[in-house]
$ cat my_file-v1.cif   # mmCIF, C-alpha atoms
data_run
#
loop_
_atom_site.group_PDB
_atom_site.id
_atom_site.type_symbol
_atom_site.label_atom_id
_atom_site.label_comp_id
_atom_site.auth_asym_id
_atom_site.auth_seq_id
_atom_site.Cartn_x
_atom_site.Cartn_y
_atom_site.Cartn_z
ATOM 1 C CA MET A 834 11.759 -29.125 19.828
ATOM 2 C CA GLN A 835 9.931 -26.522 17.796
ATOM 3 C CA ARG A 836 10.344 -24.052 20.634
ATOM 4 C CA VAL A 837 14.104 -24.664 20.751
ATOM 5 C CA LEU A 838 14.396 -24.175 17.005
ATOM 6 C CA ARG A 839 12.431 -20.959 17.229
ATOM 7 C CA LEU A 840 14.751 -19.705 19.981
ATOM 8 C CA VAL A 841 17.841 -20.616 17.952
ATOM 9 C CA GLY A 842 16.332 -18.843 14.951
ATOM 10 C CA TRP A 843 15.682 -15.671 16.902
ATOM 11 C CA GLY A 844 19.177 -15.897 18.387
ATOM 12 C CA LEU A 845 20.746 -16.130 14.929
ATOM 13 C CA LEU A 846 18.620 -13.267 13.636
ATOM 14 C CA GLY A 847 19.644 -11.161 16.643
ATOM 15 C CA THR A 848 23.321 -11.921 16.074
ATOM 16 C CA ALA A 849 23.009 -11.058 12.371
ATOM 17 C CA GLY A 850 21.310 -7.793 13.319
ATOM 18 C CA LEU A 851 24.130 -6.956 15.731
ATOM 19 C CA VAL A 852 26.741 -7.686 13.043
ATOM 20 C CA VAL A 853 24.944 -5.430 10.545
ATOM 21 C CA LEU A 854 24.690 -2.665 13.171
ATOM 22 C CA PHE A 855 28.388 -3.109 13.992
ATOM 23 C CA LEU A 856 29.363 -2.759 10.309
ATOM 24 C CA PHE A 857 27.160 0.319 9.961
ATOM 25 C CA TYR A 858 28.757 1.811 13.069
ATOM 26 C CA GLN A 859 32.300 1.102 11.886
ATOM 27 C CA LEU A 860 31.818 2.250 8.296
ATOM 28 C CA PHE A 861 29.616 5.317 8.806
ATOM 29 C CA VAL A 862 29.144 6.386 12.433
ATOM 30 C CA THR A 863 32.914 6.478 13.092
ATOM 31 C CA ASP A 864 33.243 8.899 10.130
ATOM 32 C CA PHE A 865 30.924 11.272 11.958
ATOM 33 C CA PHE A 866 33.040 11.108 15.144
ATOM 34 C CA ASN A 867 36.202 11.666 13.108
ATOM 35 C CA ALA A 868 34.719 14.664 11.266
ATOM 36 C CA ARG A 869 33.945 16.284 14.623
ATOM 37 C CA SER A 870 37.470 15.564 15.916
ATOM 38 C CA GLN A 871 39.053 16.993 12.767
ATOM 39 C CA ALA A 872 36.912 20.143 12.932
ATOM 40 C CA ARG A 873 37.966 20.709 16.556
ATOM 41 C CA ALA A 874 41.588 19.946 15.676
ATOM 42 C CA GLU A 875 41.560 22.533 12.859
ATOM 43 C CA VAL A 876 40.942 25.265 15.423
ATOM 44 C CA GLU A 877 43.385 23.767 17.918
ATOM 45 C CA LEU A 878 46.067 23.412 15.231
ATOM 46 C CA ASP A 879 46.133 27.125 14.428
ATOM 47 C CA THR A 880 46.798 27.958 18.079
ATOM 48 C CA SER A 881 49.213 25.061 18.504
ATOM 49 C CA LEU A 882 51.227 26.077 15.399
ATOM 50 C CA GLU A 883 51.364 29.704 16.537
ATOM 51 C CA ILE A 884 52.713 28.704 19.952
ATOM 52 C CA ARG A 885 55.242 26.261 18.509
ATOM 53 C CA ARG A 886 56.438 28.798 15.930
ATOM 54 C CA ALA A 887 56.904 31.391 18.682
ATOM 55 C CA GLU A 888 58.867 28.837 20.743
ATOM 56 C CA LEU A 889 61.039 27.978 17.752
ATOM 57 C CA ALA A 890 61.679 31.649 17.011
ATOM 58 C CA MET A 891 62.791 32.207 20.610
ATOM 59 C CA ALA A 892 65.011 29.128 20.554
ATOM 60 C CA THR A 893 66.782 30.183 17.355
ATOM 61 C CA THR A 894 67.331 33.810 18.372
ATOM 62 C CA THR A 895 71.080 34.296 18.779
ATOM 63 C CA THR A 896 73.268 37.285 19.512
ATOM 64 C CA THR A 897 75.425 38.175 16.544
ATOM 65 C CA THR A 898 78.305 40.612 16.287
ATOM 66 C CA ALA A 899 78.553 42.576 13.061
ATOM 67 C CA PRO A 900 82.002 42.484 11.450
ATOM 68 C CA THR A 901 83.928 45.762 11.634
ATOM 69 C CA PRO A 902 84.203 47.586 8.254
ATOM 70 C CA GLU A 903 88.016 47.376 8.170
ATOM 71 C CA GLU A 904 87.981 43.617 8.654
ATOM 72 C CA PRO A 905 85.663 42.110 6.016
ATOM 73 C CA VAL A 906 85.134 38.443 6.820
ATOM 74 C CA GLU A 907 83.764 35.932 4.364
ATOM 75 C CA VAL A 908 82.303 32.952 6.142
ATOM 76 C CA THR A 909 80.835 29.886 4.512
ATOM 77 C CA ARG A 910 78.443 28.367 7.003
ATOM 78 C CA ALA A 911 77.423 24.744 6.911
ATOM 79 C CA PRO A 912 73.646 24.268 6.831
ATOM 80 C CA GLU A 913 72.221 23.948 10.317
ATOM 81 C CA LEU A 914 69.532 21.594 11.485
ATOM 82 C CA MET A 915 66.275 23.315 12.349
ATOM 83 C CA ALA A 916 65.095 21.049 15.132
ATOM 84 C CA GLU A 917 61.481 20.852 16.226
ATOM 85 C CA PRO A 918 60.544 20.009 19.823
ATOM 86 C CA THR A 919 58.559 16.841 20.454
ATOM 87 C CA VAL A 920 54.787 16.981 20.787
ATOM 88 C CA PRO A 921 52.666 15.424 23.584
ATOM 89 C CA VAL A 922 50.586 12.406 22.534
ATOM 90 C CA GLY A 923 47.094 13.276 21.299
ATOM 91 C CA VAL A 924 47.982 16.857 20.323
ATOM 92 C CA PRO A 925 47.548 18.127 16.724
ATOM 93 C CA PHE A 926 50.873 19.378 15.351
ATOM 94 C CA GLY A 927 50.602 19.585 11.572
ATOM 95 C CA ARG A 928 48.730 18.831 8.418
ATOM 96 C CA ILE A 929 49.100 16.192 5.709
ATOM 97 C CA GLU A 930 47.970 16.878 2.169
ATOM 98 C CA ILE A 931 47.992 14.552 -0.830
ATOM 99 C CA ASP A 932 46.267 16.350 -3.701
ATOM 100 C CA LYS A 933 46.070 13.261 -5.938
ATOM 101 C CA ILE A 934 43.724 11.453 -3.545
ATOM 102 C CA GLY A 935 42.079 14.543 -2.042
ATOM 103 C CA LEU A 936 43.579 14.013 1.399
ATOM 104 C CA ASP A 937 43.789 17.015 3.701
ATOM 105 C CA ALA A 938 43.877 16.088 7.377
ATOM 106 C CA VAL A 939 45.201 17.346 10.684
ATOM 107 C CA LEU A 940 48.069 15.231 12.033
ATOM 108 C CA PHE A 941 48.182 14.120 15.653
ATOM 109 C CA GLU A 942 51.031 12.864 17.775
ATOM 110 C CA GLY A 943 50.693 9.166 18.635
ATOM 111 C CA VAL A 944 49.641 5.917 16.988
ATOM 112 C CA ASP A 945 47.642 4.402 19.827
ATOM 113 C CA ARG A 946 44.071 3.383 18.982
ATOM 114 C CA ASP A 947 42.457 6.428 20.614
ATOM 115 C CA THR A 948 44.702 8.921 18.799
ATOM 116 C CA LEU A 949 44.239 7.306 15.385
ATOM 117 C CA LYS A 950 40.478 7.710 15.786
ATOM 118 C CA LEU A 951 41.081 11.487 15.672
ATOM 119 C CA GLY A 952 43.141 11.442 12.461
ATOM 120 C CA PRO A 953 46.461 10.262 11.017
ATOM 121 C CA GLY A 954 49.050 9.917 13.787
ATOM 122 C CA HIS A 955 52.807 10.248 14.048
ATOM 123 C CA MET A 956 54.732 7.423 15.729
ATOM 124 C CA PRO A 957 56.349 9.067 18.787
ATOM 125 C CA ASP A 958 59.686 7.210 18.673
ATOM 126 C CA THR A 959 60.415 8.407 15.146
ATOM 127 C CA PRO A 960 61.544 11.906 14.077
ATOM 128 C CA LEU A 961 58.891 14.484 13.260
ATOM 129 C CA PRO A 962 58.215 15.081 9.553
ATOM 130 C CA GLY A 963 60.846 17.369 8.058
ATOM 131 C CA GLN A 964 63.541 16.102 10.403
ATOM 132 C CA PRO A 965 66.367 13.733 9.364
ATOM 133 C CA GLY A 966 65.545 10.043 9.719
ATOM 134 C CA ASN A 967 62.353 8.092 9.116
ATOM 135 C CA ALA A 968 59.169 9.855 10.212
ATOM 136 C CA VAL A 969 56.335 7.332 10.470
ATOM 137 C CA ILE A 970 52.671 8.276 10.096
ATOM 138 C CA SER A 971 49.808 5.790 10.398
ATOM 139 C CA GLY A 972 46.160 6.191 9.507
ATOM 140 C CA HIS A 973 42.864 4.352 9.183
ATOM 141 C CA ARG A 974 41.965 2.906 5.785
ATOM 142 C CA THR A 975 38.220 2.238 6.014
ATOM 143 C CA THR A 976 36.921 3.675 9.296
ATOM 144 C CA TYR A 977 37.212 6.916 11.317
ATOM 145 C CA GLY A 978 37.188 9.236 8.316
ATOM 146 C CA ARG A 979 39.256 6.752 6.269
ATOM 147 C CA PRO A 980 42.083 9.258 5.635
ATOM 148 C CA PHE A 981 44.233 6.679 3.802
ATOM 149 C CA PHE A 982 41.383 5.006 1.867
ATOM 150 C CA ASP A 983 42.842 5.759 -1.573
ATOM 151 C CA VAL A 984 46.568 5.563 -0.871
ATOM 152 C CA ASP A 985 46.741 2.488 -3.115
ATOM 153 C CA GLN A 986 46.215 4.889 -6.050
ATOM 154 C CA LEU A 987 49.544 6.570 -5.333
ATOM 155 C CA VAL A 988 52.541 5.689 -7.472
ATOM 156 C CA VAL A 989 56.275 6.285 -7.258
ATOM 157 C CA GLY A 990 56.960 9.973 -7.935
ATOM 158 C CA ASP A 991 53.716 11.322 -6.431
ATOM 159 C CA THR A 992 54.170 13.938 -3.736
ATOM 160 C CA ILE A 993 53.017 14.227 -0.131
ATOM 161 C CA GLU A 994 52.954 17.610 1.609
ATOM 162 C CA ILE A 995 53.317 17.962 5.351
ATOM 163 C CA GLU A 996 53.099 21.276 7.150
ATOM 164 C CA THR A 997 54.585 21.556 10.622
ATOM 165 C CA ALA A 998 55.616 24.478 12.815
ATOM 166 C CA LEU A 999 58.873 24.673 10.824
ATOM 167 C CA GLY A 1000 57.098 25.086 7.489
ATOM 168 C CA MET A 1001 56.109 23.046 4.470
ATOM 169 C CA ASN A 1002 57.837 19.767 3.709
ATOM 170 C CA ILE A 1003 57.326 17.990 0.404
ATOM 171 C CA TYR A 1004 58.130 14.309 0.004
ATOM 172 C CA ALA A 1005 58.329 12.306 -3.239
ATOM 173 C CA ILE A 1006 57.241 8.671 -3.094
ATOM 174 C CA ARG A 1007 60.142 6.292 -3.714
ATOM 175 C CA GLN A 1008 58.690 2.884 -2.888
ATOM 176 C CA ILE A 1009 55.411 1.163 -2.051
ATOM 177 C CA LEU A 1010 55.358 -2.124 -0.128
ATOM 178 C CA VAL A 1011 52.898 -4.561 1.368
ATOM 179 C CA VAL A 1012 54.127 -6.124 4.610
ATOM 180 C CA ALA A 1013 52.814 -8.036 7.619
ATOM 181 C CA PRO A 1014 51.375 -5.990 10.528
ATOM 182 C CA THR A 1015 54.328 -7.160 12.637
ATOM 183 C CA ASP A 1016 57.008 -5.906 10.204
ATOM 184 C CA VAL A 1017 58.227 -3.069 12.398
ATOM 185 C CA TRP A 1018 61.455 -2.828 10.408
ATOM 186 C CA VAL A 1019 59.650 -0.354 8.126
ATOM 187 C CA THR A 1020 59.969 2.143 10.980
ATOM 188 C CA ASP A 1021 63.751 1.714 11.251
ATOM 189 C CA PRO A 1022 65.885 4.854 10.811
ATOM 190 C CA ILE A 1023 66.981 5.615 7.233
ATOM 191 C CA ASP A 1024 69.791 7.926 6.083
ATOM 192 C CA GLY A 1025 68.376 11.190 4.785
ATOM 193 C CA ALA A 1026 64.888 12.450 5.587
ATOM 194 C CA TRP A 1027 62.082 10.036 4.862
ATOM 195 C CA LEU A 1028 58.395 9.712 5.482
ATOM 196 C CA THR A 1029 56.755 6.320 5.925
ATOM 197 C CA LEU A 1030 52.963 6.077 5.710
ATOM 198 C CA THR A 1031 51.389 2.901 7.083
ATOM 199 C CA THR A 1032 47.798 1.740 6.764
ATOM 200 C CA CYS A 1033 45.709 -1.428 6.637
ATOM 201 C CA ASN A 1034 45.672 -3.524 3.470
ATOM 202 C CA PRO A 1035 43.639 -4.602 1.568
ATOM 203 C CA LYS A 1036 40.665 -2.282 2.045
ATOM 204 C CA PHE A 1037 38.227 -3.538 4.706
ATOM 205 C CA SER A 1038 40.866 -5.858 6.152
ATOM 206 C CA ALA A 1039 43.699 -5.543 8.657
ATOM 207 C CA ALA A 1040 45.541 -8.632 7.414
ATOM 208 C CA GLU A 1041 48.474 -6.654 5.950
ATOM 209 C CA ARG A 1042 49.976 -3.184 5.995
ATOM 210 C CA LEU A 1043 50.436 -0.956 2.951
ATOM 211 C CA ILE A 1044 53.651 1.006 3.314
ATOM 212 C CA ILE A 1045 54.518 4.129 1.353
ATOM 213 C CA GLN A 1046 58.034 5.463 1.708
ATOM 214 C CA ALA A 1047 58.794 8.943 0.450
ATOM 215 C CA GLU A 1048 61.939 11.077 0.464
ATOM 216 C CA LEU A 1049 62.128 14.743 1.413
ATOM 217 C CA VAL A 1050 62.531 16.881 -1.718
ATOM 218 C CA HIS A 1051 61.637 20.281 -0.292
ATOM 219 C CA GLY A 1052 61.663 21.673 3.217
ATOM 220 C CA PRO A 1053 63.462 23.823 5.762
ATOM 221 C CA ASN A 1054 65.957 21.038 6.541
ATOM 222 C CA LEU A 1055 66.626 19.810 2.988
ATOM 223 C CA GLU A 1056 70.040 21.512 2.715
ATOM 224 C CA TYR A 1057 71.111 20.085 6.059
ATOM 225 C CA VAL A 1058 69.890 16.598 5.130
ATOM 226 C CA ASP A 1059 71.672 16.735 1.765
ATOM 227 C CA ALA A 1060 74.887 17.814 3.502
ATOM 228 C CA ILE A 1061 74.849 15.019 6.091
ATOM 229 C CA THR A 1062 73.743 12.395 3.565
ATOM 230 C CA ALA A 1063 76.541 13.352 1.179
ATOM 231 C CA SER A 1064 79.110 13.009 3.967
ATOM 232 C CA SER A 1065 77.681 9.690 5.167
ATOM 233 C CA PRO A 1066 79.119 6.490 3.618
ATOM 234 C CA LYS A 1067 75.798 4.638 4.047
ATOM 235 C CA ARG A 1068 73.063 5.763 1.655
ATOM 236 C CA ALA A 1069 69.390 4.943 1.805
ATOM 237 C CA ALA A 1070 68.114 2.121 -0.387
ATOM 238 C CA MET B 331 1.431 2.426 35.244
ATOM 239 C CA THR B 332 0.694 5.642 33.436
ATOM 240 C CA LYS B 333 1.493 6.203 29.776
ATOM 241 C CA THR B 334 4.183 8.759 30.694
ATOM 242 C CA VAL B 335 6.002 6.260 32.910
ATOM 243 C CA LYS B 336 5.881 3.637 30.163
ATOM 244 C CA ILE B 337 7.345 6.085 27.648
ATOM 245 C CA ALA B 338 10.051 7.085 30.132
ATOM 246 C CA ILE B 339 11.001 3.439 30.723
ATOM 247 C CA TRP B 340 11.184 2.824 26.976
ATOM 248 C CA ALA B 341 13.292 5.946 26.423
ATOM 249 C CA ILE B 342 15.717 5.039 29.215
ATOM 250 C CA SER B 343 15.952 1.445 27.970
ATOM 251 C CA ILE B 344 16.769 2.620 24.443
ATOM 252 C CA LEU B 345 19.353 5.069 25.786
ATOM 253 C CA VAL B 346 21.013 2.396 27.936
ATOM 254 C CA GLY B 347 20.936 -0.003 24.968
ATOM 255 C CA LEU B 348 22.645 2.561 22.732
ATOM 256 C CA VAL B 349 25.337 3.253 25.337
ATOM 257 C CA VAL B 350 25.970 -0.494 25.761
ATOM 258 C CA LEU B 351 26.134 -0.935 21.967
ATOM 259 C CA TYR B 352 28.555 2.010 21.677
ATOM 260 C CA PHE B 353 31.006 0.486 24.157
ATOM 261 C CA LEU B 354 30.568 -2.988 22.652
ATOM 262 C CA PHE B 355 31.239 -1.736 19.124
ATOM 263 C CA GLU B 356 34.227 0.388 20.202
ATOM 264 C CA TRP B 357 35.697 -2.604 22.044
ATOM 265 C CA ALA B 358 35.129 -4.929 19.078
ATOM 266 C CA GLY B 359 36.478 -2.315 16.647
ATOM 267 C CA ASP B 360 39.653 -1.919 18.693
ATOM 268 C CA LEU B 361 40.138 -5.691 18.674
ATOM 269 C CA LEU B 362 39.805 -5.916 14.890
ATOM 270 C CA ASP B 363 41.552 -2.734 13.756
ATOM 271 C CA SER B 364 44.725 -1.125 15.075
ATOM 272 C CA GLY B 365 44.306 1.911 12.824
ATOM 273 C CA GLY B 366 46.977 0.949 10.311
ATOM 274 C CA ALA B 367 49.940 1.169 12.674
ATOM 275 C CA VAL B 368 52.633 -1.508 12.481
ATOM 276 C CA GLY B 369 53.615 -3.582 15.508
ATOM 277 C CA TYR B 370 50.355 -2.938 17.357
#
$ encode --input "my_file-v1.cif" --output "C-alpha cells"
Amino acid sequence: MQRVLRLVGWGLLGTAGLVVLFLFYQLFVTDFFNARSQARAEVELDTSLEIRRAELAMATTTTTTAPTPEEPVEVTRAPELMAEPTVPVGVPFGRIEIDKIGLDAVLFEGVDRDTLKLGPGHMPDTPLPGQPGNAVISGHRTTYGRPFFDVDQLVVGDTIEIETALGMNIYAIRQILVVAPTDVWVTDPIDGAWLTLTTCNPKFSAAERLIIQAELVHGPNLEYVDAITASSPKRAA
Amino acid sequence: MTKTVKIAIWAISILVGLVVLYFLFEWAGDLLDSGGAVGY
C-alpha cells in the first residue's frame, strides 16, 4: 500500500513538473522563437517590399498621350483603386505599428497556427490592409512574442498604422468587442475600408476573442474608398 | 562501461528528452491556443 502511494505521489509530482515546464515553455521559450522569426522577417520584408513595389510600379505603368496645345482638355478623373496582389501564406508583407502599446511587428500572410507563431497574420480570404473591405489580422495575446498583449488598453479613436507595398495606411479605432471564438461574422465584408484585429481574451485564456475594428483614415486608397462609399446606399455601422 | 560512455548516454538521453518535450509542448500549445484567430 505504501509503495502504491509513493508511486502515485511521484506520478503527481512528475505531472506537476511537466505542467510547470509547459507553462514556462509557452510563456517564455516561445517568445525566444518569435523574436528569432521576427528578426529574420525584418530582413526578408525589406526585399519582399522592394520586389512588390517594383511589380506594382510595372503594373501601373500606362502609355499616355499628351494633349495637343491647340486642344486644351480638362479632365476630372475619378479616383482609381490601387490594387495590391495577394501574398503567399507564410510570407512577410508589411508592418503593423501601434505606438500607444509599443507594438511594432512584421505582418505575415495567413492565420494558421504555424504562421501566427511567426507574428501577427492576415486572414487570406479578406482584403489586404489598405484595400476596400474588411482586412482581418490575428495575433497571439500571451505567447509567441505576445504582439497583442496590451490591445485591451486601446480605446475608440486610437490609431493603428499598417505599412504595405502600397504605402502607409492609418486606421482609427471605431469599436471594440468581445465575442466567442466561433463568431466569424466579425470577418464579414464591410462597406469602406476597415481593419479588424482579433486576439484571445481575457489574457492567458482562449475562451473569447477581443475584436478591434478600425476605419481607414489615411492611405493610398482613401480617396477611392470615400468615393465608392459615398455612392453606395449601404453604409458601415 | 567507461565514464565517457556514461556521459554520452546521459547527454543523448537529455537531448532526446528535450526533443520529445518540444514536440509535446508544441502539440499541447496548438490544442489550447489558436493564436487569436476566429473560427479556428
$ closest_atom_pairs --input "my_file-v1.cif" --of "chain B" --to "stretch 966-973 of chain A" --cutoff "7 Å" --atoms "only C-alpha atoms" --output "tab-separated table"
residue	atom	partner	partner_atom	distance
B:Gly365	CA	A:His973	CA	4.6
B:Gly366	CA	A:Gly972	CA	5.4
B:Ala367	CA	A:Ser971	CA	5.2
$ resolve_selection --input "my_file-v1.cif" --expression "the PyMOL selection byres ((chain A) within 8 of (chain B))" --output "PyMOL selection string"
chain A and resi 855+858-859+944-946+949-950+971-974+1014-1017+1031-1033+1039+1042
$ atom_distance --input "my_file-v1.cif" --atom1 "atom CA of A:Val988" --atom2 "atom CA of A:Ser1065"
28.4 Å
$ resolve_selection --input "my_file-v1.cif" --expression "the PyMOL selection byres ((chain A and resi 996) around 6)" --output "list in words"
Gly927, Arg928, Ile995, Thr997, Gly1000 and Met1001 of chain A
$ write_last_selection --input "my_file-v1.cif" --atoms "C-alpha atoms" --output "compact mmCIF listing (two decimals), in the coordinates of the input"
# COMPACT_ATOMS: atom_id res chain seq x y z
CA GLY A 927 50.60 19.58 11.57
CA ARG A 928 48.73 18.83 8.42
CA ILE A 995 53.32 17.96 5.35
CA THR A 997 54.58 21.56 10.62
CA GLY A 1000 57.10 25.09 7.49
CA MET A 1001 56.11 23.05 4.47
$ atom_distance --input "my_file-v1.cif" --atom1 "atom CA of A:Ser1038" --atom2 "atom CA of A:Ile1003"
29.5 Å
$ atom_distance --input "my_file-v1.cif" --atom1 "atom CA of B:Ile342" --atom2 "atom CA of A:Leu851"
19.9 Å
$ resolve_selection --input "my_file-v1.cif" --expression "the PyMOL selection byres ((chain A and resi 1005) around 6)" --output "PyMOL selection string"
chain A and resi 990-992+1004+1006+1047-1048
$ residues_near_point --input "my_file-v1.cif" --point "(38.4, 9.1, 16.7)" --cutoff "8 Å" --atoms "all atoms listed in the file" --output "PDB file with C-alpha atoms, in the coordinates of the input"
ATOM      1  CA  THR A 863      32.914   6.478  13.092  1.00  0.00           C
ATOM      2  CA  PHE A 866      33.040  11.108  15.144  1.00  0.00           C
ATOM      3  CA  ASN A 867      36.202  11.666  13.108  1.00  0.00           C
ATOM      4  CA  SER A 870      37.470  15.564  15.916  1.00  0.00           C
ATOM      5  CA  ASP A 947      42.457   6.428  20.614  1.00  0.00           C
ATOM      6  CA  THR A 948      44.702   8.921  18.799  1.00  0.00           C
ATOM      7  CA  LEU A 949      44.239   7.306  15.385  1.00  0.00           C
ATOM      8  CA  LYS A 950      40.478   7.710  15.786  1.00  0.00           C
ATOM      9  CA  LEU A 951      41.081  11.487  15.672  1.00  0.00           C
ATOM     10  CA  GLY A 952      43.141  11.442  12.461  1.00  0.00           C
ATOM     11  CA  TYR A 977      37.212   6.916  11.317  1.00  0.00           C
TER      12      TYR A 977
END
$ residues_around --input "my_file-v1.cif" --residues "A:Met915" --least-positions-apart "3" --cutoff "12 Å" --atoms "only C-alpha atoms" --output "list of chain:residue names"
A:Arg886, A:Leu889, A:Ala890, A:Ala892, A:Thr893, A:Pro912, A:Pro918, A:Leu961, A:Pro962, A:Gly963, A:Gln964, A:Pro965, A:Thr997, A:Ala998, A:Leu999, A:Gly1000, A:Gly1052, A:Pro1053, A:Asn1054, A:Leu1055, A:Glu1056, A:Tyr1057, A:Val1058
$ axis_aligned_box --input "my_file-v1.cif" --around "stretch 333-340 of chain B" --padding-each-side "6 Å" --output "lines of an AutoDock Vina configuration file"
center_x = 6.3
center_y = 5.8
center_z = 29.9
size_x = 21.7
size_y = 17.9
size_z = 17.9
$ residues_around --input "my_file-v1.cif" --residues "A:Val1011" --least-positions-apart "6" --cutoff "9 Å" --atoms "all atoms listed in the file" --output "PyMOL selection string"
chain A and resi 1034+1041-1045
$ closest_residue --input "my_file-v1.cif" --among "A:Glu875, A:Val1050, A:Val837, A:Phe1037" --to "A:Thr975" --atoms "all atoms listed in the file"
A:Phe1037
